[in-house]
Every structure is written in structure tokens, then in C-alpha cells.
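As stored in my_file06.pdb (PDB, C-alpha atoms and all ligand atoms):
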```
ATOM      1  CA  MET A   1      -9.645 -12.956   3.774  1.00  0.00           C
ATOM      2  CA  GLY A   2      -6.194 -12.743   2.185  1.00  0.00           C
ATOM      3  CA  ILE A   3      -4.191  -9.598   1.624  1.00  0.00           C
ATOM      4  CA  LEU A   4      -4.906  -9.467  -2.084  1.00  0.00           C
ATOM      5  CA  ASN A   5      -8.626  -9.954  -1.536  1.00  0.00           C
ATOM      6  CA  MET A   6      -8.658  -7.146   1.004  1.00  0.00           C
ATOM      7  CA  MET A   7      -6.827  -4.850  -1.410  1.00  0.00           C
ATOM      8  CA  GLU A   8      -9.300  -5.701  -4.166  1.00  0.00           C
ATOM      9  CA  LYS A   9     -12.180  -5.054  -1.813  1.00  0.00           C
ATOM     10  CA  VAL A  10     -11.186  -1.725  -0.275  1.00  0.00           C
ATOM     11  CA  ARG A  11      -9.007  -0.530  -3.179  1.00  0.00           C
ATOM     12  CA  VAL A  12      -6.922   1.838  -1.081  1.00  0.00           C
ATOM     13  CA  ILE A  13      -3.944   1.224   1.183  1.00  0.00           C
ATOM     14  CA  PRO A  14      -3.095   3.876   3.762  1.00  0.00           C
ATOM     15  CA  VAL A  15       0.668   4.435   3.862  1.00  0.00           C
ATOM     16  CA  ALA A  16       1.598   5.612   7.327  1.00  0.00           C
ATOM     17  CA  VAL A  17       4.556   7.406   8.816  1.00  0.00           C
ATOM     18  CA  VAL A  18       4.040   7.007  12.559  1.00  0.00           C
ATOM     19  CA  GLU A  19       6.228   7.764  15.550  1.00  0.00           C
ATOM     20  CA  SER A  20       4.676   5.432  18.108  1.00  0.00           C
ATOM     21  CA  PRO A  21       2.275   2.554  18.729  1.00  0.00           C
ATOM     22  CA  ALA A  22      -0.284   5.084  19.992  1.00  0.00           C
ATOM     23  CA  GLU A  23      -0.226   6.938  16.683  1.00  0.00           C
ATOM     24  CA  ALA A  24      -0.524   3.682  14.765  1.00  0.00           C
ATOM     25  CA  CYS A  25      -3.610   2.815  16.821  1.00  0.00           C
ATOM     26  CA  VAL A  26      -5.324   6.110  15.994  1.00  0.00           C
ATOM     27  CA  LEU A  27      -4.908   5.363  12.304  1.00  0.00           C
ATOM     28  CA  ALA A  28      -5.792   1.670  12.543  1.00  0.00           C
ATOM     29  CA  ASP A  29      -8.976   2.387  14.507  1.00  0.00           C
ATOM     30  CA  ALA A  30     -10.051   5.067  12.043  1.00  0.00           C
ATOM     31  CA  MET A  31      -9.449   2.732   9.127  1.00  0.00           C
ATOM     32  CA  GLN A  32     -11.387   0.007  10.864  1.00  0.00           C
ATOM     33  CA  ASP A  33     -14.286   2.443  11.325  1.00  0.00           C
ATOM     34  CA  ALA A  34     -14.281   2.834   7.539  1.00  0.00           C
ATOM     35  CA  GLY A  35     -13.992  -0.909   6.882  1.00  0.00           C
ATOM     36  CA  ILE A  36     -10.365  -0.774   5.761  1.00  0.00           C
ATOM     37  CA  LEU A  37      -8.572  -3.638   7.473  1.00  0.00           C
ATOM     38  CA  ILE A  38      -5.231  -3.108   5.808  1.00  0.00           C
ATOM     39  CA  LEU A  39      -2.479  -0.545   6.160  1.00  0.00           C
ATOM     40  CA  GLU A  40       1.205  -0.092   5.588  1.00  0.00           C
ATOM     41  CA  ILE A  41       3.571   1.194   8.258  1.00  0.00           C
ATOM     42  CA  THR A  42       6.673   2.658   6.655  1.00  0.00           C
ATOM     43  CA  PHE A  43      10.186   2.162   7.953  1.00  0.00           C
ATOM     44  CA  ARG A  44      10.834   5.880   7.935  1.00  0.00           C
ATOM     45  CA  THR A  45      10.712   6.408  11.659  1.00  0.00           C
ATOM     46  CA  PRO A  46      12.455   4.637  14.537  1.00  0.00           C
ATOM     47  CA  GLY A  47       8.997   3.814  15.898  1.00  0.00           C
ATOM     48  CA  ALA A  48       7.919   1.690  12.922  1.00  0.00           C
ATOM     49  CA  VAL A  49       8.895  -1.712  14.355  1.00  0.00           C
ATOM     50  CA  GLU A  50       7.125  -1.159  17.671  1.00  0.00           C
ATOM     51  CA  ALA A  51       4.086   0.242  15.878  1.00  0.00           C
ATOM     52  CA  ILE A  52       3.784  -2.908  13.742  1.00  0.00           C
ATOM     53  CA  ARG A  53       4.300  -5.186  16.751  1.00  0.00           C
ATOM     54  CA  HIS A  54       1.700  -3.357  18.818  1.00  0.00           C
ATOM     55  CA  LEU A  55      -0.914  -3.382  16.063  1.00  0.00           C
ATOM     56  CA  ARG A  56      -0.429  -7.082  15.469  1.00  0.00           C
ATOM     57  CA  GLU A  57      -0.769  -7.811  19.177  1.00  0.00           C
ATOM     58  CA  THR A  58      -3.739  -5.594  19.895  1.00  0.00           C
ATOM     59  CA  ARG A  59      -5.604  -5.564  16.563  1.00  0.00           C
ATOM     60  CA  PRO A  60      -4.986  -8.989  15.030  1.00  0.00           C
ATOM     61  CA  GLU A  61      -7.754  -8.490  12.468  1.00  0.00           C
ATOM     62  CA  MET A  62      -5.730  -5.673  10.878  1.00  0.00           C
ATOM     63  CA  MET A  63      -3.470  -6.704   7.978  1.00  0.00           C
ATOM     64  CA  VAL A  64      -0.335  -4.742   8.719  1.00  0.00           C
ATOM     65  CA  GLY A  65       2.312  -4.413   6.046  1.00  0.00           C
ATOM     66  CA  ALA A  66       5.782  -2.950   6.382  1.00  0.00           C
ATOM     67  CA  GLY A  67       6.690  -0.315   3.840  1.00  0.00           C
ATOM     68  CA  THR A  68       9.763   1.519   2.598  1.00  0.00           C
ATOM     69  CA  ILE A  69      11.734  -1.670   3.189  1.00  0.00           C
ATOM     70  CA  LEU A  70      15.184  -0.941   1.791  1.00  0.00           C
ATOM     71  CA  THR A  71      17.396  -3.566   3.440  1.00  0.00           C
ATOM     72  CA  LEU A  72      17.279  -7.179   4.556  1.00  0.00           C
ATOM     73  CA  VAL A  73      17.825  -6.029   8.134  1.00  0.00           C
ATOM     74  CA  GLN A  74      14.614  -4.021   7.962  1.00  0.00           C
ATOM     75  CA  ALA A  75      12.823  -6.940   6.302  1.00  0.00           C
ATOM     76  CA  GLU A  76      13.888  -9.196   9.163  1.00  0.00           C
ATOM     77  CA  GLN A  77      12.773  -6.664  11.793  1.00  0.00           C
ATOM     78  CA  ALA A  78       9.426  -6.264  10.057  1.00  0.00           C
ATOM     79  CA  LEU A  79       8.877 -10.009   9.863  1.00  0.00           C
ATOM     80  CA  HIS A  80       9.686 -10.492  13.545  1.00  0.00           C
ATOM     81  CA  ALA A  81       7.375  -7.639  14.481  1.00  0.00           C
ATOM     82  CA  GLY A  82       4.544  -9.502  12.736  1.00  0.00           C
ATOM     83  CA  ALA A  83       4.176  -7.704   9.415  1.00  0.00           C
ATOM     84  CA  CYS A  84       2.089  -9.764   7.014  1.00  0.00           C
ATOM     85  CA  PHE A  85       3.441  -8.252   3.817  1.00  0.00           C
ATOM     86  CA  MET A  86       6.381  -6.126   2.706  1.00  0.00           C
ATOM     87  CA  VAL A  87       6.478  -3.201   0.341  1.00  0.00           C
ATOM     88  CA  SER A  88       9.677  -1.872  -1.164  1.00  0.00           C
ATOM     89  CA  PRO A  89      10.106   1.213  -3.355  1.00  0.00           C
ATOM     90  CA  GLY A  90      12.255  -0.809  -5.772  1.00  0.00           C
ATOM     91  CA  LEU A  91      13.086  -4.305  -6.913  1.00  0.00           C
ATOM     92  CA  ASP A  92      15.971  -5.962  -5.078  1.00  0.00           C
ATOM     93  CA  GLU A  93      16.681  -9.542  -6.130  1.00  0.00           C
ATOM     94  CA  GLU A  94      18.199 -10.459  -2.777  1.00  0.00           C
ATOM     95  CA  MET A  95      15.092  -9.201  -1.010  1.00  0.00           C
ATOM     96  CA  VAL A  96      12.852 -11.150  -3.384  1.00  0.00           C
ATOM     97  CA  ALA A  97      14.724 -14.342  -2.495  1.00  0.00           C
ATOM     98  CA  TRP A  98      14.729 -13.555   1.226  1.00  0.00           C
ATOM     99  CA  CYS A  99      11.000 -12.873   1.374  1.00  0.00           C
ATOM    100  CA  ARG A 100      10.286 -16.009  -0.599  1.00  0.00           C
ATOM    101  CA  SER A 101      12.283 -18.163   1.807  1.00  0.00           C
ATOM    102  CA  ALA A 102      10.684 -16.426   4.789  1.00  0.00           C
ATOM    103  CA  GLY A 103       7.253 -17.048   3.291  1.00  0.00           C
ATOM    104  CA  ILE A 104       6.155 -13.413   3.391  1.00  0.00           C
ATOM    105  CA  PRO A 105       4.572 -11.684   0.378  1.00  0.00           C
ATOM    106  CA  LEU A 106       6.678  -8.896  -1.132  1.00  0.00           C
ATOM    107  CA  ILE A 107       5.282  -6.083  -3.258  1.00  0.00           C
ATOM    108  CA  PRO A 108       8.307  -4.573  -5.002  1.00  0.00           C
ATOM    109  CA  GLY A 109       8.321  -1.155  -6.576  1.00  0.00           C
ATOM    110  CA  VAL A 110       8.661  -0.821 -10.338  1.00  0.00           C
ATOM    111  CA  ALA A 111       8.698   2.227 -12.568  1.00  0.00           C
ATOM    112  CA  THR A 112       9.892   0.988 -15.970  1.00  0.00           C
ATOM    113  CA  PRO A 113       9.172  -1.881 -18.406  1.00  0.00           C
ATOM    114  CA  SER A 114      12.561  -3.460 -17.594  1.00  0.00           C
ATOM    115  CA  GLU A 115      11.685  -3.544 -13.909  1.00  0.00           C
ATOM    116  CA  VAL A 116       8.283  -5.059 -14.646  1.00  0.00           C
ATOM    117  CA  MET A 117      10.039  -7.737 -16.706  1.00  0.00           C
ATOM    118  CA  ALA A 118      12.462  -8.466 -13.882  1.00  0.00           C
ATOM    119  CA  ALA A 119       9.604  -8.771 -11.372  1.00  0.00           C
ATOM    120  CA  LEU A 120       7.613 -11.098 -13.633  1.00  0.00           C
ATOM    121  CA  ARG A 121      10.740 -13.206 -14.140  1.00  0.00           C
ATOM    122  CA  HIS A 122      10.772 -13.698 -10.367  1.00  0.00           C
ATOM    123  CA  GLY A 123       7.142 -14.742 -10.437  1.00  0.00           C
ATOM    124  CA  LEU A 124       5.913 -11.490  -8.883  1.00  0.00           C
ATOM    125  CA  HIS A 125       2.756 -10.144 -10.515  1.00  0.00           C
ATOM    126  CA  VAL A 126       1.511  -7.692  -7.913  1.00  0.00           C
ATOM    127  CA  LEU A 127       3.712  -4.629  -8.175  1.00  0.00           C
ATOM    128  CA  LYS A 128       3.866  -1.195  -6.624  1.00  0.00           C
ATOM    129  CA  PHE A 129       4.029   1.409  -9.393  1.00  0.00           C
ATOM    130  CA  PHE A 130       6.190   4.072  -7.788  1.00  0.00           C
ATOM    131  CA  PRO A 131       6.410   7.029  -7.880  1.00  0.00           C
ATOM    132  CA  ALA A 132       3.160   6.895  -9.800  1.00  0.00           C
ATOM    133  CA  GLU A 133       2.464  10.522 -10.665  1.00  0.00           C
ATOM    134  CA  ALA A 134       6.103  11.379 -11.355  1.00  0.00           C
ATOM    135  CA  MET A 135       6.452   8.358 -13.668  1.00  0.00           C
ATOM    136  CA  GLY A 136       3.565   9.308 -15.927  1.00  0.00           C
ATOM    137  CA  GLY A 137       0.662   8.113 -13.812  1.00  0.00           C
ATOM    138  CA  VAL A 138      -2.434   6.847 -15.565  1.00  0.00           C
ATOM    139  CA  ASN A 139      -0.948   7.209 -19.061  1.00  0.00           C
ATOM    140  CA  THR A 140       2.027   5.012 -18.207  1.00  0.00           C
ATOM    141  CA  LEU A 141      -0.215   2.348 -16.667  1.00  0.00           C
ATOM    142  CA  LYS A 142      -2.393   2.369 -19.795  1.00  0.00           C
ATOM    143  CA  ALA A 143       0.707   1.926 -21.966  1.00  0.00           C
ATOM    144  CA  LEU A 144       1.974  -0.964 -19.820  1.00  0.00           C
ATOM    145  CA  ALA A 145      -1.357  -2.827 -19.855  1.00  0.00           C
ATOM    146  CA  PRO A 146      -1.249  -4.482 -23.321  1.00  0.00           C
ATOM    147  CA  VAL A 147       2.446  -5.353 -23.015  1.00  0.00           C
ATOM    148  CA  PHE A 148       2.162  -6.894 -19.551  1.00  0.00           C
ATOM    149  CA  PRO A 149      -1.298  -8.465 -19.361  1.00  0.00           C
ATOM    150  CA  HIS A 150      -0.341 -10.433 -16.236  1.00  0.00           C
ATOM    151  CA  ALA A 151       1.073  -7.548 -14.224  1.00  0.00           C
ATOM    152  CA  ARG A 152      -1.195  -5.871 -11.690  1.00  0.00           C
ATOM    153  CA  PHE A 153      -0.275  -2.594 -10.103  1.00  0.00           C
ATOM    154  CA  ILE A 154      -0.637  -0.688  -6.868  1.00  0.00           C
ATOM    155  CA  PRO A 155       0.144   2.882  -7.909  1.00  0.00           C
ATOM    156  CA  THR A 156       1.597   4.951  -5.076  1.00  0.00           C
ATOM    157  CA  GLY A 157       3.155   8.394  -4.987  1.00  0.00           C
ATOM    158  CA  GLY A 158       1.154  11.538  -5.616  1.00  0.00           C
ATOM    159  CA  ILE A 159      -2.255   9.922  -5.297  1.00  0.00           C
ATOM    160  CA  HIS A 160      -5.091  11.711  -3.528  1.00  0.00           C
ATOM    161  CA  ALA A 161      -8.871  12.046  -3.581  1.00  0.00           C
ATOM    162  CA  GLY A 162      -8.667  14.199  -6.717  1.00  0.00           C
ATOM    163  CA  ASN A 163      -6.996  11.606  -8.970  1.00  0.00           C
ATOM    164  CA  LEU A 164      -7.937   8.334  -7.265  1.00  0.00           C
ATOM    165  CA  VAL A 165     -10.851   7.484  -9.570  1.00  0.00           C
ATOM    166  CA  ASP A 166      -8.684   7.899 -12.687  1.00  0.00           C
ATOM    167  CA  TYR A 167      -6.345   5.211 -11.364  1.00  0.00           C
ATOM    168  CA  LEU A 168      -8.948   2.854  -9.951  1.00  0.00           C
ATOM    169  CA  ARG A 169     -10.888   2.632 -13.179  1.00  0.00           C
ATOM    170  CA  LEU A 170      -7.857   1.089 -14.934  1.00  0.00           C
ATOM    171  CA  PRO A 171      -8.247  -2.698 -15.244  1.00  0.00           C
ATOM    172  CA  ASN A 172      -4.576  -3.320 -14.324  1.00  0.00           C
ATOM    173  CA  VAL A 173      -4.846  -1.428 -11.028  1.00  0.00           C
ATOM    174  CA  ILE A 174      -5.682  -3.436  -7.908  1.00  0.00           C
ATOM    175  CA  ALA A 175      -5.620  -0.611  -5.390  1.00  0.00           C
ATOM    176  CA  CYS A 176      -3.858   2.676  -4.751  1.00  0.00           C
ATOM    177  CA  GLY A 177      -1.530   3.433  -1.870  1.00  0.00           C
ATOM    178  CA  GLY A 178      -0.889   6.779  -0.321  1.00  0.00           C
ATOM    179  CA  THR A 179      -0.146   8.947   2.636  1.00  0.00           C
ATOM    180  CA  TRP A 180      -3.154  11.172   2.012  1.00  0.00           C
ATOM    181  CA  LEU A 181      -5.208   8.602   3.949  1.00  0.00           C
ATOM    182  CA  ALA A 182      -2.812   8.743   6.855  1.00  0.00           C
ATOM    183  CA  ASP A 183      -2.482  12.479   7.307  1.00  0.00           C
ATOM    184  CA  ARG A 184       0.292  13.032   9.825  1.00  0.00           C
ATOM    185  CA  ARG A 185      -1.288  16.017  11.509  1.00  0.00           C
ATOM    186  CA  LEU A 186      -4.619  14.242  11.973  1.00  0.00           C
ATOM    187  CA  ILE A 187      -2.815  11.227  13.400  1.00  0.00           C
ATOM    188  CA  ARG A 188      -0.690  13.331  15.762  1.00  0.00           C
ATOM    189  CA  GLU A 189      -3.780  15.153  16.990  1.00  0.00           C
ATOM    190  CA  GLY A 190      -5.668  11.893  17.461  1.00  0.00           C
ATOM    191  CA  ARG A 191      -8.448  12.895  15.080  1.00  0.00           C
ATOM    192  CA  ARG A 192      -9.892   9.467  14.427  1.00  0.00           C
ATOM    193  CA  GLU A 193     -13.196  10.816  13.093  1.00  0.00           C
ATOM    194  CA  ASP A 194     -11.496  12.993  10.481  1.00  0.00           C
ATOM    195  CA  LEU A 195      -9.248  10.130   9.389  1.00  0.00           C
ATOM    196  CA  ALA A 196     -12.265   7.831   9.098  1.00  0.00           C
ATOM    197  CA  ARG A 197     -14.052  10.468   7.020  1.00  0.00           C
ATOM    198  CA  LEU A 198     -11.113  10.600   4.571  1.00  0.00           C
ATOM    199  CA  ALA A 199     -11.133   6.822   4.338  1.00  0.00           C
ATOM    200  CA  ARG A 200     -14.901   6.661   3.725  1.00  0.00           C
ATOM    201  CA  GLU A 201     -14.542   9.299   1.052  1.00  0.00           C
ATOM    202  CA  ALA A 202     -11.870   7.147  -0.647  1.00  0.00           C
ATOM    203  CA  ARG A 203     -14.115   4.094  -0.515  1.00  0.00           C
ATOM    204  CA  ALA A 204     -16.959   6.080  -2.058  1.00  0.00           C
ATOM    205  CA  LEU A 205     -14.605   7.142  -4.858  1.00  0.00           C
ATOM    206  CA  ALA A 206     -13.647   3.508  -5.372  1.00  0.00           C
ATOM    207  CA  GLU A 207     -17.338   2.667  -5.818  1.00  0.00           C
ATOM    208  CA  GLN A 208     -17.587   5.485  -8.335  1.00  0.00           C
ATOM    209  CA  ALA A 209     -14.592   4.055 -10.247  1.00  0.00           C
ATOM    210  CA  LYS A 210     -16.306   0.656 -10.364  1.00  0.00           C
ATOM    211  CA  GLY A 211     -19.314   2.258 -12.002  1.00  0.00           C
ATOM    212  CA  SER A 212     -17.225   3.994 -14.648  1.00  0.00           C
ATOM    213  CA  ALA A 213     -14.626   1.265 -15.306  1.00  0.00           C
ATOM    214  CA  ALA A 214     -16.311  -0.146 -18.398  1.00  0.00           C
ATOM    215  CA  SER A 215     -16.387   3.221 -20.136  1.00  0.00           C
ATOM    216  CA  SER A 216     -12.772   4.106 -19.352  1.00  0.00           C
ATOM    217  CA  GLU A 217     -11.239   2.974 -22.643  1.00  0.00           C
TER     218      GLU A 217
HETATM  219  C1  LIG B 301       5.205   5.581  -0.491  1.00  0.00           C
HETATM  220  O1  LIG B 301       5.995   5.398   0.412  1.00  0.00           O
HETATM  221  O2  LIG B 301       4.568   4.654  -0.973  1.00  0.00           O
HETATM  222  C2  LIG B 301       5.038   6.971  -1.029  1.00  0.00           C
HETATM  223  O3  LIG B 301       6.004   7.823  -0.532  1.00  0.00           O
HETATM  224  C3  LIG B 301       3.695   7.517  -0.782  1.00  0.00           C
HETATM  225  O4  LIG B 301       3.557   8.617  -1.595  1.00  0.00           O
HETATM  226  P1  LIG B 301       2.532   9.780  -1.231  1.00  0.00           P
HETATM  227  O5  LIG B 301       3.074  10.437   0.003  1.00  0.00           O
HETATM  228  O6  LIG B 301       2.573  10.705  -2.425  1.00  0.00           O
HETATM  229  O7  LIG B 301       1.200   9.171  -1.031  1.00  0.00           O
END
```

Produce C-alpha cells that represent the structure in this file.
Amino acid sequence: MGILNMMEKVRVIPVAVVESPAEACVLADAMQDAGILILEITFRTPGAVEAIRHLRETRPEMMVGAGTILTLVQAEQALHAGACFMVSPGLDEEMVAWCRSAGIPLIPGVATPSEVMAALRHGLHVLKFFPAEAMGGVNTLKALAPVFPHARFIPTGGIHAGNLVDYLRLPNVIACGGTWLADRRLIREGRREDLARLAREARALAEQAKGSAASSE
């Protein structure tokens, strides 16, 4: 299964801030328990590179993306560690070109119509809508839909179990990303069961969104 298919299937992407490979494993195993074989490890800690490398080596079935990629140096480190996709909070043309030549999918962040236009011009249709809640959330995505029928979004930033369904019922939303699925305290304390419970709850909400999608307009 490809990355996009997995995102469409599970409809949530855990965004993790981890300090070590051991922490990454707690999260990955919990997600696997809940049938979520995709996650994003952010480059916000010095341990991110090793965490990605370790997951790829020990849990090859897991689709591990690298997030918060701000520079080409980080992109290169992530690629060498085995990341299978990159996520950036913004749109950087140099990074778009680099990822294309390296053959790794990039999901750039966009927050405005001009940024969506720039991404589409580069042939990128799968976009992170960030920071989702702060940029108008569901209402902004609804307003973008008729203007950009080919753009598909992964809203991230301020999403949690309480507003997930509102996002997932939008036809232009593929999946939602967020740190609420990768609670730092639960990870630190090794609470795999509790993390898996959060993930199952999110998947149940995604099912609920499927049921109500047709009546959302
Ligand atoms: C990201 O890196 O995608 C966001 O910071 C996640 O936002 P959240 O913490 O509100 O989920």
C-alpha cells in the first residue's frame, strides 16, 4: 500500500516529538495495535534522525515520514535515515526541487490561496493545511474547495478528538495530522495501551465522519 492509500484508509497521521528510538517504538507499536501504519517523526528533537532510522530498520512495515523539515540539510538527513515522505510547515521551492530529484514525496504546508497556487504550479496536490485551526479551520477549507478542486489537504495544527469529525467529513480533506495522537507524556511513560486507545478512538471518529460526509454540505 502506498502512503496516500494509507492516509486515505486510516485518515489520521500521528505527529510525534520523540527523544529516542525507544520512545518512537512505543508510539509505533501502539499505532500498529490500532491499525495505523503511518506516522510522522518531527525534526524538533536531536533524536529524530535516530528514531526514524531505528523504526525503518526494526519496523519496516511502518511508513515513517519526517516532519517539521525546514532545511535541505534536514531533508538529506531524513532521507538517509530512511524516511519515506517529508512534511514541511511551509512551501520552499528549493525543497520541492530537491525532494523531486531525490524521488521522495513532499507534503508542503500551505495556509493561503497564493501558497496553494504555488504548490499546484509545482505539481503538488497533496498539501498540509497548517496551522489549521489558527487559519480558519473547517471554514477556510470549505472556501478553498470550489476554487481549488484538485487540491487535497491534510489539516494539522489544533486538531483533536473533539473537532476531528468536522474536518474529516470535508471532501477535500484526505486525513488529519496531529500531536494529540502522540501524547508526549504517554510516550515517555511507555503507555502503549493508552496510546492505542487514543488511536482507536480516532479511527472510530473517522468512520463516523464517513457516515456523515454526504450530509455535510
Ligand atoms: C505539526 O507539526 O504538524 C503541528 O505542530 C501539529 O500541531 P498540533 O500539536 O496542534 O497537533

Counting all atoms listed in the file, which residue out of A:Ile36, A:Ala182, A:Cys84, A:Leu4 sits closest to ligand LIG 301 (chain B)?
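Selected residue with least distance to ligand LIG 301 (chain B): A:Ala182.
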
Contacts of ligand LIG 301 (chain B), 9 Å or closer, all atoms listed in the file, given as a ChimeraX atom specification: /A:14-17,40,42,44,67-68,87-89,109,128,130-133,155-160,177-182

Output of the above residues as a PDB file, in the coordinates of the input, restricted to C-alpha atoms:
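After the write, result-v7.pdb holds the following:
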```pdb
ATOM      1  CA  PRO A  14      -3.095   3.876   3.762  1.00  0.00           C
ATOM      2  CA  VAL A  15       0.668   4.435   3.862  1.00  0.00           C
ATOM      3  CA  ALA A  16       1.598   5.612   7.327  1.00  0.00           C
ATOM      4  CA  VAL A  17       4.556   7.406   8.816  1.00  0.00           C
ATOM      5  CA  GLU A  40       1.205  -0.092   5.588  1.00  0.00           C
ATOM      6  CA  THR A  42       6.673   2.658   6.655  1.00  0.00           C
ATOM      7  CA  ARG A  44      10.834   5.880   7.935  1.00  0.00           C
ATOM      8  CA  GLY A  67       6.690  -0.315   3.840  1.00  0.00           C
ATOM      9  CA  THR A  68       9.763   1.519   2.598  1.00  0.00           C
ATOM     10  CA  VAL A  87       6.478  -3.201   0.341  1.00  0.00           C
ATOM     11  CA  SER A  88       9.677  -1.872  -1.164  1.00  0.00           C
ATOM     12  CA  PRO A  89      10.106   1.213  -3.355  1.00  0.00           C
ATOM     13  CA  GLY A 109       8.321  -1.155  -6.576  1.00  0.00           C
ATOM     14  CA  LYS A 128       3.866  -1.195  -6.624  1.00  0.00           C
ATOM     15  CA  PHE A 130       6.190   4.072  -7.788  1.00  0.00           C
ATOM     16  CA  PRO A 131       6.410   7.029  -7.880  1.00  0.00           C
ATOM     17  CA  ALA A 132       3.160   6.895  -9.800  1.00  0.00           C
ATOM     18  CA  GLU A 133       2.464  10.522 -10.665  1.00  0.00           C
ATOM     19  CA  PRO A 155       0.144   2.882  -7.909  1.00  0.00           C
ATOM     20  CA  THR A 156       1.597   4.951  -5.076  1.00  0.00           C
ATOM     21  CA  GLY A 157       3.155   8.394  -4.987  1.00  0.00           C
ATOM     22  CA  GLY A 158       1.154  11.538  -5.616  1.00  0.00           C
ATOM     23  CA  ILE A 159      -2.255   9.922  -5.297  1.00  0.00           C
ATOM     24  CA  HIS A 160      -5.091  11.711  -3.528  1.00  0.00           C
ATOM     25  CA  GLY A 177      -1.530   3.433  -1.870  1.00  0.00           C
ATOM     26  CA  GLY A 178      -0.889   6.779  -0.321  1.00  0.00           C
ATOM     27  CA  THR A 179      -0.146   8.947   2.636  1.00  0.00           C
ATOM     28  CA  TRP A 180      -3.154  11.172   2.012  1.00  0.00           C
ATOM     29  CA  LEU A 181      -5.208   8.602   3.949  1.00  0.00           C
ATOM     30  CA  ALA A 182      -2.812   8.743   6.855  1.00  0.00           C
TER      31      ALA A 182
END
```

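CA of Ala51 (chain A) is found 7.8 Å from CA of Glu19 (chain A).
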
### Query
Selected by the PyMOL selection byres (((chain A and resi 57-66) around 10) and not hetatm) in the shown coordinates: which residues, as a PyMOL selection string?
chain A and resi 1-3+6+13+15-16+25+28-29+31-32+36-43+48-49+51-56+67-69+74-75+77-79+81-88+105-107

Mind working out the centre and edge lengths of an axis-aligned box for region 197-204 of chain A, all listed atoms inside, 4 Å added to each side, rounded to one decimal in Å and written as lines of an AutoDock Vina configuration file?
```
center_x = -14.0
center_y = 7.3
center_z = 2.5
size_x = 13.8
size_y = 14.5
size_z = 17.1
```

- Message: I'd like the residues picked by the PyMOL selection byres (((chain A and resi 118) around 12) and not hetatm) written out as an MDAnalysis selection string, using the chain letters and numbers from the file.
- Response: chainID A and resid 90:93 96 108:117 119:125 127 148 151

### Two-atom distance - CA of Leu186 (chain A), CA of Gly35 (chain A) (Å)
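Going from CA of Leu186 (chain A) over to CA of Gly35 (chain A) covers 18.5 Å.
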
What separates CA of Val10 (chain A) and CA of Ala97 (chain A) is a distance of 28.9 Å

* To do: Just the residues within 10 Å of Glu193 (chain A), please, counting only C-alpha atoms, with nothing from its chain fewer than 5 positions along; format it as an NGL selection string.
  => :A and (26-27 or 29-31 or 33-34 or 186 or 198-199)

Same residues, C-alpha atoms, saved as a short mmCIF file (atom, residue, chain, number, x, y, z; two decimals), in the coordinates of the input:
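Result file is out_2.cif:
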```
data_model
loop_
_atom_site.label_atom_id
_atom_site.label_comp_id
_atom_site.auth_asym_id
_atom_site.auth_seq_id
_atom_site.Cartn_x
_atom_site.Cartn_y
_atom_site.Cartn_z
CA VAL A 26 -5.32 6.11 15.99
CA LEU A 27 -4.91 5.36 12.30
CA ASP A 29 -8.98 2.39 14.51
CA ALA A 30 -10.05 5.07 12.04
CA MET A 31 -9.45 2.73 9.13
CA ASP A 33 -14.29 2.44 11.32
CA ALA A 34 -14.28 2.83 7.54
CA LEU A 186 -4.62 14.24 11.97
CA LEU A 198 -11.11 10.60 4.57
CA ALA A 199 -11.13 6.82 4.34
#
```
